[in-house]
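Novice: This is coords-v9.cif (mmCIF, C-alpha atoms).
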data_structure
loop_
_atom_site.label_atom_id
_atom_site.label_comp_id
_atom_site.auth_asym_id
_atom_site.auth_seq_id
_atom_site.Cartn_x
_atom_site.Cartn_y
_atom_site.Cartn_z
CA MET A 890 75.21 84.21 119.55
CA PRO A 891 75.19 86.42 122.68
CA ALA A 892 76.52 84.82 125.84
CA THR A 893 73.93 83.38 128.20
CA PRO A 894 73.37 85.98 130.92
CA ASP A 895 73.99 85.17 134.58
CA LEU A 896 70.58 85.58 136.22
CA SER A 897 71.70 84.69 139.74
CA SER A 898 71.65 88.35 140.82
CA LEU A 899 68.08 88.73 139.59
CA ALA A 900 67.04 85.57 141.42
CA GLU A 901 68.64 86.97 144.56
CA LEU A 902 66.72 90.25 144.18
CA LEU A 903 63.44 88.36 143.78
CA ALA A 904 64.23 86.34 146.90
CA ILE A 905 65.05 89.50 148.86
CA MET A 906 61.73 91.07 147.91
CA ALA A 907 59.85 87.90 148.85
CA ARG A 908 61.57 87.99 152.25
CA LEU A 909 60.75 91.66 152.77
CA ARG A 910 57.07 90.93 152.01
CA ASP A 911 56.94 87.80 154.17
CA PRO A 912 54.27 88.30 156.89
CA ASP A 913 56.41 86.14 159.17
CA GLY A 914 59.36 88.41 159.98
CA GLY A 915 59.33 90.65 156.92
CA CYS A 916 59.74 94.43 156.87
CA PRO A 917 56.74 96.30 158.37
CA TRP A 918 57.10 99.15 155.87
CA ASP A 919 57.29 96.88 152.82
CA LEU A 920 54.39 94.79 154.09
CA GLU A 921 52.01 97.74 154.34
CA GLN A 922 52.67 98.98 150.80
CA THR A 923 50.16 98.68 147.95
CA PHE A 924 50.28 99.29 144.21
CA ALA A 925 48.94 102.80 144.83
CA THR A 926 51.49 103.71 147.49
CA ILE A 927 54.43 102.38 145.48
CA ALA A 928 53.38 103.98 142.16
CA PRO A 929 54.76 107.46 143.01
CA TYR A 930 58.16 105.91 143.80
CA THR A 931 58.10 104.13 140.44
CA ILE A 932 57.55 107.40 138.61
CA GLU A 933 60.22 109.15 140.68
CA GLU A 934 62.79 106.44 139.97
CA ALA A 935 62.13 106.69 136.22
CA TYR A 936 62.88 110.42 136.35
CA GLU A 937 66.03 109.79 138.37
CA VAL A 938 67.18 107.46 135.59
CA GLU A 939 66.61 110.29 133.11
CA ASP A 940 68.52 112.71 135.33
CA ALA A 941 71.55 110.40 135.54
CA ILE A 942 71.52 110.08 131.74
CA ALA A 943 71.30 113.86 131.32
CA ARG A 944 74.32 114.27 133.62
CA ASN A 945 76.19 111.47 131.80
CA ASP A 946 76.68 109.83 135.19
CA MET A 947 77.20 106.17 134.39
CA VAL A 948 77.84 105.17 138.01
CA GLY A 949 74.65 106.95 139.03
CA LEU A 950 72.78 105.42 136.09
CA LYS A 951 73.70 101.92 137.26
CA ASP A 952 72.33 102.69 140.71
CA GLU A 953 69.19 104.35 139.38
CA LEU A 954 68.44 101.47 137.01
CA GLY A 955 68.70 99.16 140.01
CA ASP A 956 66.21 101.32 141.89
CA LEU A 957 63.87 101.23 138.89
CA LEU A 958 64.22 97.45 138.60
CA LEU A 959 63.31 97.18 142.27
CA GLN A 960 60.02 98.92 141.49
CA VAL A 961 59.18 96.28 138.86
CA VAL A 962 60.10 93.52 141.30
CA PHE A 963 58.03 95.15 144.07
CA HIS A 964 54.88 95.47 141.94
CA SER A 965 55.33 91.97 140.57
CA ARG A 966 55.69 90.51 144.06
CA MET A 967 52.49 92.18 145.27
CA ALA A 968 50.66 90.94 142.17
CA GLU A 969 51.92 87.39 142.73
CA GLU A 970 50.77 87.47 146.35
CA SER A 971 47.26 88.40 145.21
CA GLY A 972 47.23 85.74 142.49
CA HIS A 973 47.37 88.04 139.45
CA PHE A 974 50.77 87.48 137.86
CA SER A 975 54.45 86.99 138.73
CA PHE A 976 57.72 88.60 137.70
CA ALA A 977 58.23 85.67 135.31
CA ASP A 978 54.89 86.54 133.66
CA VAL A 979 55.99 90.16 133.28
CA ALA A 980 59.29 89.12 131.69
CA ALA A 981 57.58 86.61 129.40
CA GLY A 982 55.01 89.19 128.35
CA ILE A 983 57.54 91.84 127.38
CA SER A 984 59.69 89.23 125.61
CA GLU A 985 56.72 88.12 123.53
CA LYS A 986 55.83 91.73 122.77
CA MET A 987 59.37 92.62 121.66
CA VAL A 988 59.46 89.65 119.29
CA ARG A 989 56.01 90.53 117.94
CA ARG A 990 56.93 94.17 117.38
CA HIS A 991 60.24 93.38 115.66
CA PRO A 992 59.19 91.17 112.74
CA HIS A 993 62.12 92.61 110.76
CA VAL A 994 64.47 90.93 113.25
CA PHE A 995 62.55 87.83 114.32
CA GLY A 996 60.44 87.36 111.19
CA ASP A 997 60.60 87.97 107.45
CA VAL A 998 59.49 91.62 107.28
CA ALA A 999 61.92 93.98 105.56
CA ALA A 1000 62.83 97.18 107.42
CA ASP A 1001 66.20 98.70 106.60
CA HIS A 1002 65.61 102.19 108.01
CA PRO A 1003 64.56 103.49 111.46
CA GLU A 1004 61.58 105.29 109.88
CA THR A 1005 60.26 102.01 108.45
CA VAL A 1006 60.73 100.33 111.83
CA SER A 1007 58.75 103.12 113.53
CA THR A 1008 55.94 102.86 110.99
CA ASN A 1009 55.72 99.09 111.40
CA TRP A 1010 55.86 99.44 115.20
CA GLU A 1011 52.93 101.85 115.25
CA SER A 1012 50.91 99.65 112.88
CA ILE A 1013 51.44 96.66 115.15
CA LYS A 1014 50.48 98.72 118.22
CA ALA A 1015 47.33 99.94 116.43
CA ALA A 1016 46.35 96.34 115.71
CA GLU A 1017 46.97 95.44 119.35
CA ARG A 1018 44.76 98.29 120.52
CA ALA A 1019 42.00 97.24 118.15
CA ALA A 1020 42.16 93.74 119.60
CA LYS A 1021 41.59 95.04 123.12
CA ALA A 1022 37.84 95.45 122.80
CA GLY A 1023 36.01 96.01 126.05
CA SER A 1024 38.86 97.89 127.73
CA SER A 1025 38.37 100.72 130.21
CA GLN A 1026 38.72 103.24 127.36
CA ASP A 1027 35.69 102.08 125.33
CA ASN A 1028 34.30 105.64 125.43
CA VAL A 1029 37.47 107.03 123.80
CA SER A 1030 38.07 107.18 120.06
CA PRO A 1031 39.99 104.10 118.89
CA VAL A 1032 42.51 106.54 117.40
CA LEU A 1033 43.32 107.91 120.86
CA ALA A 1034 42.71 104.79 122.96
CA GLY A 1035 45.66 103.53 124.97
CA VAL A 1036 47.32 106.90 125.61
CA THR A 1037 47.43 106.49 129.36
CA SER A 1038 46.24 109.34 131.54
CA GLY A 1039 49.12 108.67 133.94
CA LEU A 1040 51.71 110.19 131.59
CA PRO A 1041 53.14 113.65 132.29
CA ALA A 1042 50.71 116.11 130.73
CA LEU A 1043 53.08 117.54 128.10
CA LEU A 1044 54.15 114.07 126.99
CA ARG A 1045 50.54 112.90 126.82
CA ALA A 1046 49.61 115.96 124.75
CA VAL A 1047 52.27 115.07 122.18
CA LYS A 1048 51.15 111.44 122.06
CA LEU A 1049 47.51 112.45 121.55
CA GLN A 1050 48.54 114.85 118.80
CA ASN A 1051 50.69 112.19 117.12
CA ARG A 1052 47.74 109.81 117.11
CA ALA A 1053 45.48 112.45 115.55
CA ALA A 1054 48.16 113.31 112.99
CA ARG A 1055 48.21 109.72 111.71
CA VAL A 1056 44.67 110.14 110.41
CA GLY A 1057 45.42 113.56 108.90
CA PHE A 1058 44.22 115.78 111.76
CA ASP A 1059 47.28 118.01 111.88
CA TRP A 1060 48.73 121.28 110.62
CA PRO A 1061 50.99 120.88 107.56
CA ASP A 1062 54.01 122.56 109.18
CA LYS A 1063 55.10 124.68 112.15
CA ARG A 1064 53.98 128.08 110.81
CA PRO A 1065 50.23 127.69 111.51
CA VAL A 1066 51.11 126.22 114.91
CA ILE A 1067 53.03 129.39 115.77
CA ASP A 1068 50.04 131.46 114.60
CA LYS A 1069 47.78 129.36 116.81
CA ILE A 1070 50.07 129.97 119.79
CA LYS A 1071 49.72 133.72 119.24
CA GLU A 1072 45.93 133.33 119.04
CA GLU A 1073 45.81 131.25 122.22
CA LEU A 1074 48.03 133.78 124.01
CA GLN A 1075 45.64 136.59 123.10
CA GLU A 1076 42.71 134.55 124.42
CA LEU A 1077 44.65 133.85 127.61
CA GLU A 1078 45.44 137.54 128.08
CA HIS A 1079 41.74 138.35 127.65
CA GLU A 1080 40.75 135.79 130.30
CA ILE A 1081 43.43 137.08 132.68
CA GLU A 1082 41.95 140.57 132.37
CA SER A 1083 38.24 139.77 132.45
CA GLY A 1084 37.64 136.05 132.91
CA THR A 1085 37.18 133.78 135.88
CA ALA A 1086 39.82 131.58 137.48
CA GLN A 1087 38.25 128.57 135.75
CA THR A 1088 38.23 130.08 132.25
CA THR A 1089 41.75 131.41 132.73
CA ALA A 1090 42.95 127.93 133.71
CA GLU A 1091 41.20 126.47 130.66
CA GLU A 1092 42.83 128.95 128.30
CA PHE A 1093 46.20 128.39 129.91
CA GLY A 1094 45.76 124.67 129.29
CA ASP A 1095 44.90 125.35 125.64
CA PHE A 1096 48.02 127.50 125.35
CA LEU A 1097 50.24 124.73 126.75
CA PHE A 1098 48.60 122.16 124.48
CA VAL A 1099 49.49 124.16 121.37
CA VAL A 1100 53.02 124.80 122.67
CA ALA A 1101 53.39 121.02 122.99
CA ASN A 1102 52.22 120.73 119.39
CA LEU A 1103 54.92 123.15 118.27
CA ALA A 1104 57.51 120.98 120.03
CA ARG A 1105 56.17 118.00 118.09
CA HIS A 1106 56.50 119.86 114.76
CA LEU A 1107 60.04 120.86 115.74
CA LYS A 1108 60.74 117.19 116.62
CA LEU A 1109 61.52 118.18 120.20
CA ASP A 1110 60.51 116.44 123.42
CA PRO A 1111 58.74 119.16 125.46
CA GLU A 1112 59.29 117.27 128.72
CA ALA A 1113 63.03 117.04 128.04
CA CYS A 1114 63.13 120.70 127.01
CA LEU A 1115 61.39 121.79 130.21
CA ARG A 1116 63.61 119.59 132.37
CA ALA A 1117 66.65 121.17 130.71
CA ALA A 1118 65.21 124.62 131.37
CA ASN A 1119 64.65 123.67 135.02
CA ARG A 1120 68.26 122.57 135.33
CA LYS A 1121 69.43 125.79 133.69
CA PHE A 1122 67.36 127.85 136.13
CA GLU A 1123 68.79 125.93 139.10
CA ARG A 1124 72.33 126.40 137.81
CA ARG A 1125 71.96 130.13 137.14
CA PHE A 1126 70.06 130.85 140.36
CA THR A 1127 72.81 129.15 142.34
CA ALA A 1128 75.47 131.14 140.45
CA MET A 1129 73.53 134.36 141.08
CA GLU A 1130 73.39 133.62 144.79
CA ASN A 1131 77.11 132.87 144.88
CA ILE A 1132 77.87 136.17 143.12
CA LEU A 1133 75.82 138.08 145.69
CA HIS A 1134 77.46 136.21 148.56
CA ALA A 1135 80.89 137.08 147.14
CA ASP A 1136 79.87 140.75 147.36
CA GLY A 1137 78.80 140.26 150.96
CA LYS A 1138 75.09 140.33 150.13
CA ARG A 1139 72.26 137.99 151.15
CA LEU A 1140 69.25 137.25 148.97
CA ASP A 1141 66.87 138.43 151.68
CA ASP A 1142 68.56 141.86 151.66
CA CYS A 1143 68.55 142.35 147.87
CA ASN A 1144 65.89 143.97 145.71
CA LEU A 1145 64.91 142.62 142.30
CA ALA A 1146 67.20 145.00 140.41
CA THR A 1147 70.24 143.79 142.38
CA MET A 1148 69.32 140.15 141.81
CA ASP A 1149 68.71 140.81 138.10
CA ALA A 1150 72.19 142.31 137.76
CA ALA A 1151 73.72 139.27 139.46
CA TRP A 1152 71.61 136.99 137.26
CA ASP A 1153 72.95 138.69 134.11
CA GLU A 1154 76.48 138.29 135.43
CA ALA A 1155 75.82 134.61 136.07
CA LYS A 1156 74.68 134.22 132.45
CA ARG A 1157 77.79 136.00 131.19
CA GLN A 1158 80.04 133.74 133.25
CA GLU A 1159 78.21 130.65 132.00
CA LYS A 1160 78.73 131.65 128.37
CA LYS A 1161 82.47 132.00 128.97
CA THR A 1162 82.78 128.39 130.16
#
Take the structure in the file and write it out as structure tokens.

Specialist:
Amino acid sequence: MPATPDLSSLAELLAIMARLRDPDGGCPWDLEQTFATIAPYTIEEAYEVEDAIARNDMVGLKDELGDLLLQVVFHSRMAEESGHFSFADVAAGISEKMVRRHPHVFGDVAADHPETVSTNWESIKAAERAAKAGSSQDNVSPVLAGVTSGLPALLRAVKLQNRAARVGFDWPDKRPVIDKIKEELQELEHEIESGTAQTTAEEFGDFLFVVANLARHLKLDPEACLRAANRKFERRFTAMENILHADGKRLDDCNLATMDAAWDEAKRQEKKT
């Protein structure tokens, strides 16, 4: 059996948050916060966890996980103050959910492969969604219900497409998805040339939606792919600037051709490492 964890640090964190939110001598900044004002920090901290993982920074990951845990504690404290739920309720709820969604561990369901576990997990989630009659998404197809609108758009696109695929609404493989991307690109080009800003934005959205579908067929995470591309751009732009500086040049004084040449050199140097 696993050793009993020491929860004293967690209890201390809960006590610290209660003190910060205490109207009698608490922190003015913490006291004025609401669920809405804290939500952006919660999202930001989740991405900083991902960034530490991508950089294989275990010291940073420890710190970022602490920051993310603080967000859970903060929201839970505000909810407790308003009589909705407490941190203990949050922990009990996720514990119950994990037991319910792992019947192959805590019950008598057989699941020897990750694929079987995923199938069972999704079946259990579907049953849970069906049981939530009268939710705020009553006007959404039960197939798509529960895919929160707060997700990053590319991630939400993949989740919506995965839901549709489970009932057979999907292309058989990646080839027709690639053809659809070409079709959507042509429609986007047409709108760029002769459409309005609104129709161009709509076609651009359609194009991105199909690109996300291609990522799904390739079993890639489009959000992770784009984050990696962002990091690559940052790395190469910085290297390009350093190359120009080494030649005594400043970005403001360079034309595009000069920067392109430095960019290509930055790529060549990166490939050598």

Novice: Mind checking which residues fall within 9 Å of A:Leu959, counting all atoms listed in the file, ignoring those fewer than 3 positions away in the same chain, and posting them as number ranges by chain?

Specialist: A: 902-903, 906, 931, 954-956, 962-964

Novice: Return as a compact mmCIF listing (two decimals) with C-alpha atoms, in the frame of the given file the set of residues that the PyMOL selection byres ((chain A and resi 1009) around 10) yields on the displayed structure.

Specialist:
# COMPACT_ATOMS: atom_id res chain seq x y z
CA ARG A 990 56.93 94.17 117.38
CA HIS A 991 60.24 93.38 115.66
CA PRO A 992 59.19 91.17 112.74
CA HIS A 993 62.12 92.61 110.76
CA VAL A 998 59.49 91.62 107.28
CA ALA A 999 61.92 93.98 105.56
CA ALA A 1000 62.83 97.18 107.42
CA PRO A 1003 64.56 103.49 111.46
CA GLU A 1004 61.58 105.29 109.88
CA THR A 1005 60.26 102.01 108.45
CA VAL A 1006 60.73 100.33 111.83
CA SER A 1007 58.75 103.12 113.53
CA THR A 1008 55.94 102.86 110.99
CA TRP A 1010 55.86 99.44 115.20
CA GLU A 1011 52.93 101.85 115.25
CA SER A 1012 50.91 99.65 112.88
CA ILE A 1013 51.44 96.66 115.15
CA LYS A 1014 50.48 98.72 118.22
CA ALA A 1015 47.33 99.94 116.43

Novice: For atom CA of A:Glu1092 and atom CA of A:Glu1076, quote the distance in Å rounded to one decimal.

Specialist: 6.8 Å

Novice: Could you tell me which of A:Val938, A:Ala900, A:Cys916, A:Leu1077 comes closest to A:Phe1096 if we count all atoms listed in the file?

Specialist: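 Checking each candidate against A:Phe1096, we get A:Leu1077 as the closest.
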
Novice: Nearest to A:Arg1120: which of A:Arg944, A:Glu1073, A:Ser897, A:Pro912 is it, counting only C-alpha atoms?

Specialist: A:Arg944

Novice: Go through the shown structure with the PyMOL selection byres ((chain A and resi 1130-1141) around 12) and write out the matching residues as a PyMOL selection string.

Specialist: chain A and resi 1123-1129+1142-1158

Novice: Determine, counting only C-alpha atoms, which protein, DNA and RNA residues have an atom within 10 Å of an atom of A:Ile1067; residues of the same chain fewer than 3 positions away are not included. Present the result as a PyMOL selection string.

Specialist: chain A and resi 1062-1064+1070-1073+1099-1100+1102-1103

Novice: Just give me the gap between atom CA of A:Glu921 and atom CA of A:Gln960 in Å, one decimal is fine.

Specialist: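 Interatomic distance here is 15.2 Å.
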
Novice: Residues at most 8 Å from stretch 1035-1049 of chain A, counting all atoms listed in the file, excluding those fewer than 4 positions away in the same chain, as a list in words?

Specialist: Arg1018, Gln1026, Ala1053, Leu1097, Phe1098, Ala1101, Asn1102, Arg1105, Asp1110, Pro1111 and Glu1112 of chain A

Novice: What's the separation between atom CA of A:Asp946 and atom CA of A:Ser898, in Å to one decimal place?

Specialist: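 Going from atom CA of A:Asp946 over to atom CA of A:Ser898, I get 22.8 Å.
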
Novice: Taking all atoms of stretch 1052-1057 of chain A that appear in the file, build a box with edges along x, y and z, extend it by 8 Å on every side, and state its centre and edge lengths in Å to one decimal, as lines of an AutoDock Vina configuration file.

Specialist:
center_x = 46.4
center_y = 111.6
center_z = 113.0
size_x = 19.5
size_y = 19.8
size_z = 24.2

Novice: For the structure shown, which residues end up in the PyMOL selection byres ((chain A and resi 968) around 12)? Put them as number ranges by chain, please?

Specialist: A: 907, 910, 922-924, 961-967, 969-979

Novice: Starting from the incomplete input, reconstruct all heavy atoms of stretch 1116-1127 of chain A and write that as a compact mmCIF listing (two decimals), in the coordinates of the input.

Specialist:
# COMPACT_ATOMS: atom_id res chain seq x y z
N ARG A 1116 62.67 120.06 131.35
CA ARG A 1116 63.61 119.59 132.37
C ARG A 1116 64.96 120.28 132.21
O ARG A 1116 65.60 120.65 133.20
CB ARG A 1116 63.77 118.07 132.28
CG ARG A 1116 62.56 117.29 132.80
CD ARG A 1116 62.91 115.83 133.05
NE ARG A 1116 63.20 115.11 131.82
CZ ARG A 1116 62.29 114.49 131.08
NH1 ARG A 1116 61.02 114.52 131.42
NH2 ARG A 1116 62.64 113.84 130.00
N ALA A 1117 65.39 120.47 130.95
CA ALA A 1117 66.65 121.17 130.71
C ALA A 1117 66.55 122.62 131.17
O ALA A 1117 67.50 123.17 131.74
CB ALA A 1117 67.02 121.10 129.23
N ALA A 1118 65.40 123.25 130.93
CA ALA A 1118 65.21 124.62 131.37
C ALA A 1118 65.21 124.71 132.89
O ALA A 1118 65.74 125.67 133.47
CB ALA A 1118 63.90 125.17 130.80
N ASN A 1119 64.63 123.71 133.55
CA ASN A 1119 64.65 123.67 135.02
C ASN A 1119 66.08 123.58 135.54
O ASN A 1119 66.45 124.27 136.49
CB ASN A 1119 63.84 122.47 135.53
CG ASN A 1119 62.35 122.65 135.34
OD1 ASN A 1119 61.87 123.76 135.19
ND2 ASN A 1119 61.63 121.55 135.35
N ARG A 1120 66.87 122.71 134.90
CA ARG A 1120 68.26 122.57 135.33
C ARG A 1120 69.04 123.86 135.10
O ARG A 1120 69.88 124.24 135.92
CB ARG A 1120 68.93 121.40 134.59
CG ARG A 1120 68.49 120.02 135.09
CD ARG A 1120 69.36 118.92 134.54
NE ARG A 1120 69.13 118.71 133.11
CZ ARG A 1120 68.28 117.81 132.62
NH1 ARG A 1120 67.55 117.06 133.42
NH2 ARG A 1120 68.14 117.67 131.31
N LYS A 1121 68.76 124.52 133.97
CA LYS A 1121 69.43 125.79 133.69
C LYS A 1121 69.07 126.83 134.73
O LYS A 1121 69.94 127.58 135.22
CB LYS A 1121 69.04 126.30 132.30
CG LYS A 1121 69.73 127.59 131.90
CD LYS A 1121 69.10 128.21 130.66
CE LYS A 1121 69.28 127.34 129.44
NZ LYS A 1121 68.73 128.00 128.22
N PHE A 1122 67.79 126.88 135.11
CA PHE A 1122 67.36 127.85 136.13
C PHE A 1122 68.06 127.57 137.45
O PHE A 1122 68.54 128.50 138.12
CB PHE A 1122 65.84 127.80 136.31
CG PHE A 1122 65.34 128.74 137.37
CD1 PHE A 1122 65.14 130.08 137.10
CD2 PHE A 1122 65.09 128.28 138.66
CE1 PHE A 1122 64.69 130.95 138.08
CE2 PHE A 1122 64.64 129.14 139.65
CZ PHE A 1122 64.44 130.48 139.36
N GLU A 1123 68.12 126.30 137.84
CA GLU A 1123 68.79 125.93 139.10
C GLU A 1123 70.26 126.36 139.07
O GLU A 1123 70.79 126.90 140.05
CB GLU A 1123 68.70 124.42 139.32
CG GLU A 1123 67.31 123.93 139.69
CD GLU A 1123 67.24 122.43 139.78
OE1 GLU A 1123 68.00 121.75 139.05
OE2 GLU A 1123 66.44 121.91 140.58
N ARG A 1124 70.91 126.09 137.94
CA ARG A 1124 72.33 126.40 137.81
C ARG A 1124 72.58 127.91 137.88
O ARG A 1124 73.47 128.37 138.60
CB ARG A 1124 72.83 125.85 136.47
CG ARG A 1124 74.31 125.97 136.24
CD ARG A 1124 74.70 125.22 134.97
NE ARG A 1124 74.12 125.80 133.76
CZ ARG A 1124 73.20 125.19 133.01
NH1 ARG A 1124 72.73 124.01 133.33
NH2 ARG A 1124 72.73 125.77 131.92
N ARG A 1125 71.76 128.68 137.17
CA ARG A 1125 71.96 130.13 137.14
C ARG A 1125 71.53 130.79 138.44
O ARG A 1125 72.15 131.78 138.87
CB ARG A 1125 71.20 130.73 135.96
CG ARG A 1125 71.83 130.37 134.61
CD ARG A 1125 71.10 130.99 133.44
NE ARG A 1125 71.78 130.70 132.18
CZ ARG A 1125 71.30 131.03 130.99
NH1 ARG A 1125 70.14 131.66 130.88
NH2 ARG A 1125 71.99 130.74 129.90
N PHE A 1126 70.48 130.28 139.08
CA PHE A 1126 70.06 130.85 140.36
C PHE A 1126 71.15 130.64 141.40
O PHE A 1126 71.46 131.54 142.20
CB PHE A 1126 68.75 130.23 140.82
CG PHE A 1126 68.13 130.91 142.00
CD1 PHE A 1126 67.19 131.91 141.84
CD2 PHE A 1126 68.50 130.56 143.30
CE1 PHE A 1126 66.63 132.56 142.93
CE2 PHE A 1126 67.94 131.19 144.40
CZ PHE A 1126 67.01 132.20 144.21
N THR A 1127 71.74 129.44 141.39
CA THR A 1127 72.81 129.15 142.34
C THR A 1127 74.01 130.05 142.08
O THR A 1127 74.62 130.59 143.02
CB THR A 1127 73.24 127.67 142.22
OG1 THR A 1127 72.10 126.84 142.48
CG2 THR A 1127 74.35 127.34 143.20
